[in-house]
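Enquirer: I have a structure I would like to understand better, so I am pasting it below and will then ask my questions one at a time.
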Amino acid sequence: MPAIVVEHLSKTYYTYKRPPGLWNAVKSLFYRERHAVHAVRDISFTIEEGELVGFLGPNGAGKTTTLKMLSGIIYPTSGTAYVLGYVPWERRPEMQRQIALVMGQKMQLWWDLPPYESYILLKELYEVPDDAFERRVHELAEMLEIRHVLHTQVRRLSLGERMKCELLAALLHRPRVLFLDEPTIGLDVVSQKRIREFLMEYNRRERTTILLTSHYMQDVQELAQRVLIIHHGQLIFDDTLRALVERYSPSKALHLKFERPVPAEMLSRFGRVVRTDGLEAVLEVPREHVSRIASEALQVLPVHDITIEEVEVDEIIRDIFAGKREAVVTPS
Ligand SMILES: Nc1ncnc2c1ncn2[C@@H]1O[C@H](COP(=O)(O)OP(=O)(O)O)[C@@H](O)[C@H]1O
Ligand SMILES: [Mg+2]
């Protein structure tokens, strides 16, 4: 059985608008205009045990809403889901013991306590035996490089240290499924990298199923083989990063450096000129003709350096979100 099964899951939030002004205030006592926000619209996917999947989408796309449903914090409007065979919003203790949710923007640790004290409270909650607890804290603290901060008040720690302490807290009870909502948000580049490395290693070691949201491509690009992309509440992509590049980008980027300036007009016969300053140029050329075009360019132009690259994943995703590349829902 897959670790996570999502079937036609939807969530609509209803909010009540009240236009400003006294008259509207009086009116709203009798009549309130209900406003629907379709945060998640009919998404379906499955995730196998041990997979590390990136869940990507711009702000407001529906990522957090999806994770909240999957961890049982909120009810869906329609559709269903199974996490380790349980319907999450039924909130069975057996399921709660086997999952964890970490939100980059919301800390669970007690602000005035050192992390270690919070861990002891969690140990009681999850009924972890003393020796197993000590080993676990030691092992995770080592991996996360936070042994030296375990006895410092959380409020005195840096954001990166706090995030690592949060991760340790979430993993104390060895959950089989880990939901991470923007775990690197607001962190400096070094901490981001450290957390990504930790997650990869942890996933490899313990085969924990991880679903990680980000609006930040770098996270997913370095971590996950597979990505889900959500946009306006709809799942628009579910496949590998490689498939993403091949599907949405039928071209490659030809980077050229010249010995002397070459006018743009001379370049356009080789492909679409992405940019040029005369001495350097980037051309977008069809994938299947790239080697022929490259050798022609070498013969005709004063080329002193040439490289062929994939169009950046980042760029592809940005274009999909901006509606510049056609996004196709993949049948699952
Ligand atoms: N509690 C709520 N009430 C009303 N609207 C909400 C609520 N939470 C989120 N939304 C709206 O639902 C949409 C999806 O939000 P969210 O799931 O937080 O997106 P993401 O995490 O991808 O940024 C947004 O338009 C957001 O404004
Ligand atoms: Mg969010």
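Chain labels follow the order of the structure tokens: the first chain is A, the next B, and so on; residue numbering restarts at 1 in every chain, and ligands are counted from 1 in their shown order.
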Using only C-alpha atoms and all ligand atoms, which protein or nucleic acid residues are at most 12 Å from ligand 1, as JSON, numbers by chain?
Expert: {"A": [10, 11, 12, 13, 14, 15, 16, 17, 34, 35, 36, 37, 38, 39, 40, 41, 55, 56, 57, 58, 59, 60, 61, 62, 63, 64, 65, 66, 67, 68, 69, 73, 74, 75, 103, 104, 105, 180, 181, 182, 185, 212, 213, 214, 215, 216, 229, 230, 231, 232, 233, 234, 235]}
Enquirer: Show me, as a VMD selection string, the residues that have an atom within 12 Å of Leu167 of chain A when counting only C-alpha atoms, minus same-chain residues fewer than 3 positions from it.
Expert: chain A and resid 100 to 104 107 to 109 115 119 137 140 to 141 143 to 146 160 to 164 170 to 175 178 to 181 183 to 184 195 to 196 198 to 199 202
Enquirer: Pick the closest to ligand 2 from A:Arg275, A:Lys106, A:Tyr31, A:His148: which is it, counting only C-alpha atoms and all ligand atoms?
Expert: A:Lys106
Enquirer: Nearest to Ser44 of chain A: which of A:Asp112, A:Glu124, A:Glu166, A:Asp238 is it, counting only C-alpha atoms?
Expert: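 Nearest candidate to Ser44 of chain A out of A:Asp112, A:Glu124, A:Glu166, A:Asp238: A:Asp238.
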Enquirer: Running DSSP on the backbone, which parts of segment 226-311 of chain A land in helix (DSSP H, G or I), as a PyMOL selection string?
Expert: chain A and resi 241-248+264-267+287-300
Enquirer: Using only C-alpha atoms, which residue out of A:Glu142, A:Asp277, A:Glu206, A:Glu312 lies closest to Leu241 of chain A?
Expert: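 Looking at the shortest contact to Leu241 of chain A, the residue is A:Glu312.
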Enquirer: When DSSP is applied to the backbone of this structure, which of segment 48-127 of chain A are assigned strand (DSSP E or B)? Write them out as a PyMOL selection string.
Expert: chain A and resi 52-56+78-83+86+99-103+106
Enquirer: Looking at only C-alpha atoms, which of A:Val83, A:Met217, A:Val177, A:Val53 is the one that sits closest to Met1 of chain A?
Expert: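 The closest residue to Met1 of chain A is A:Val83.
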Enquirer: Show me, as an NGL selection string, the residues that have an atom within 12 Å of Ser291 of chain A when counting only C-alpha atoms, minus same-chain residues fewer than 2 positions from it.
Expert: :A and (251-254 or 270 or 285-289 or 293-298 or 306-309)
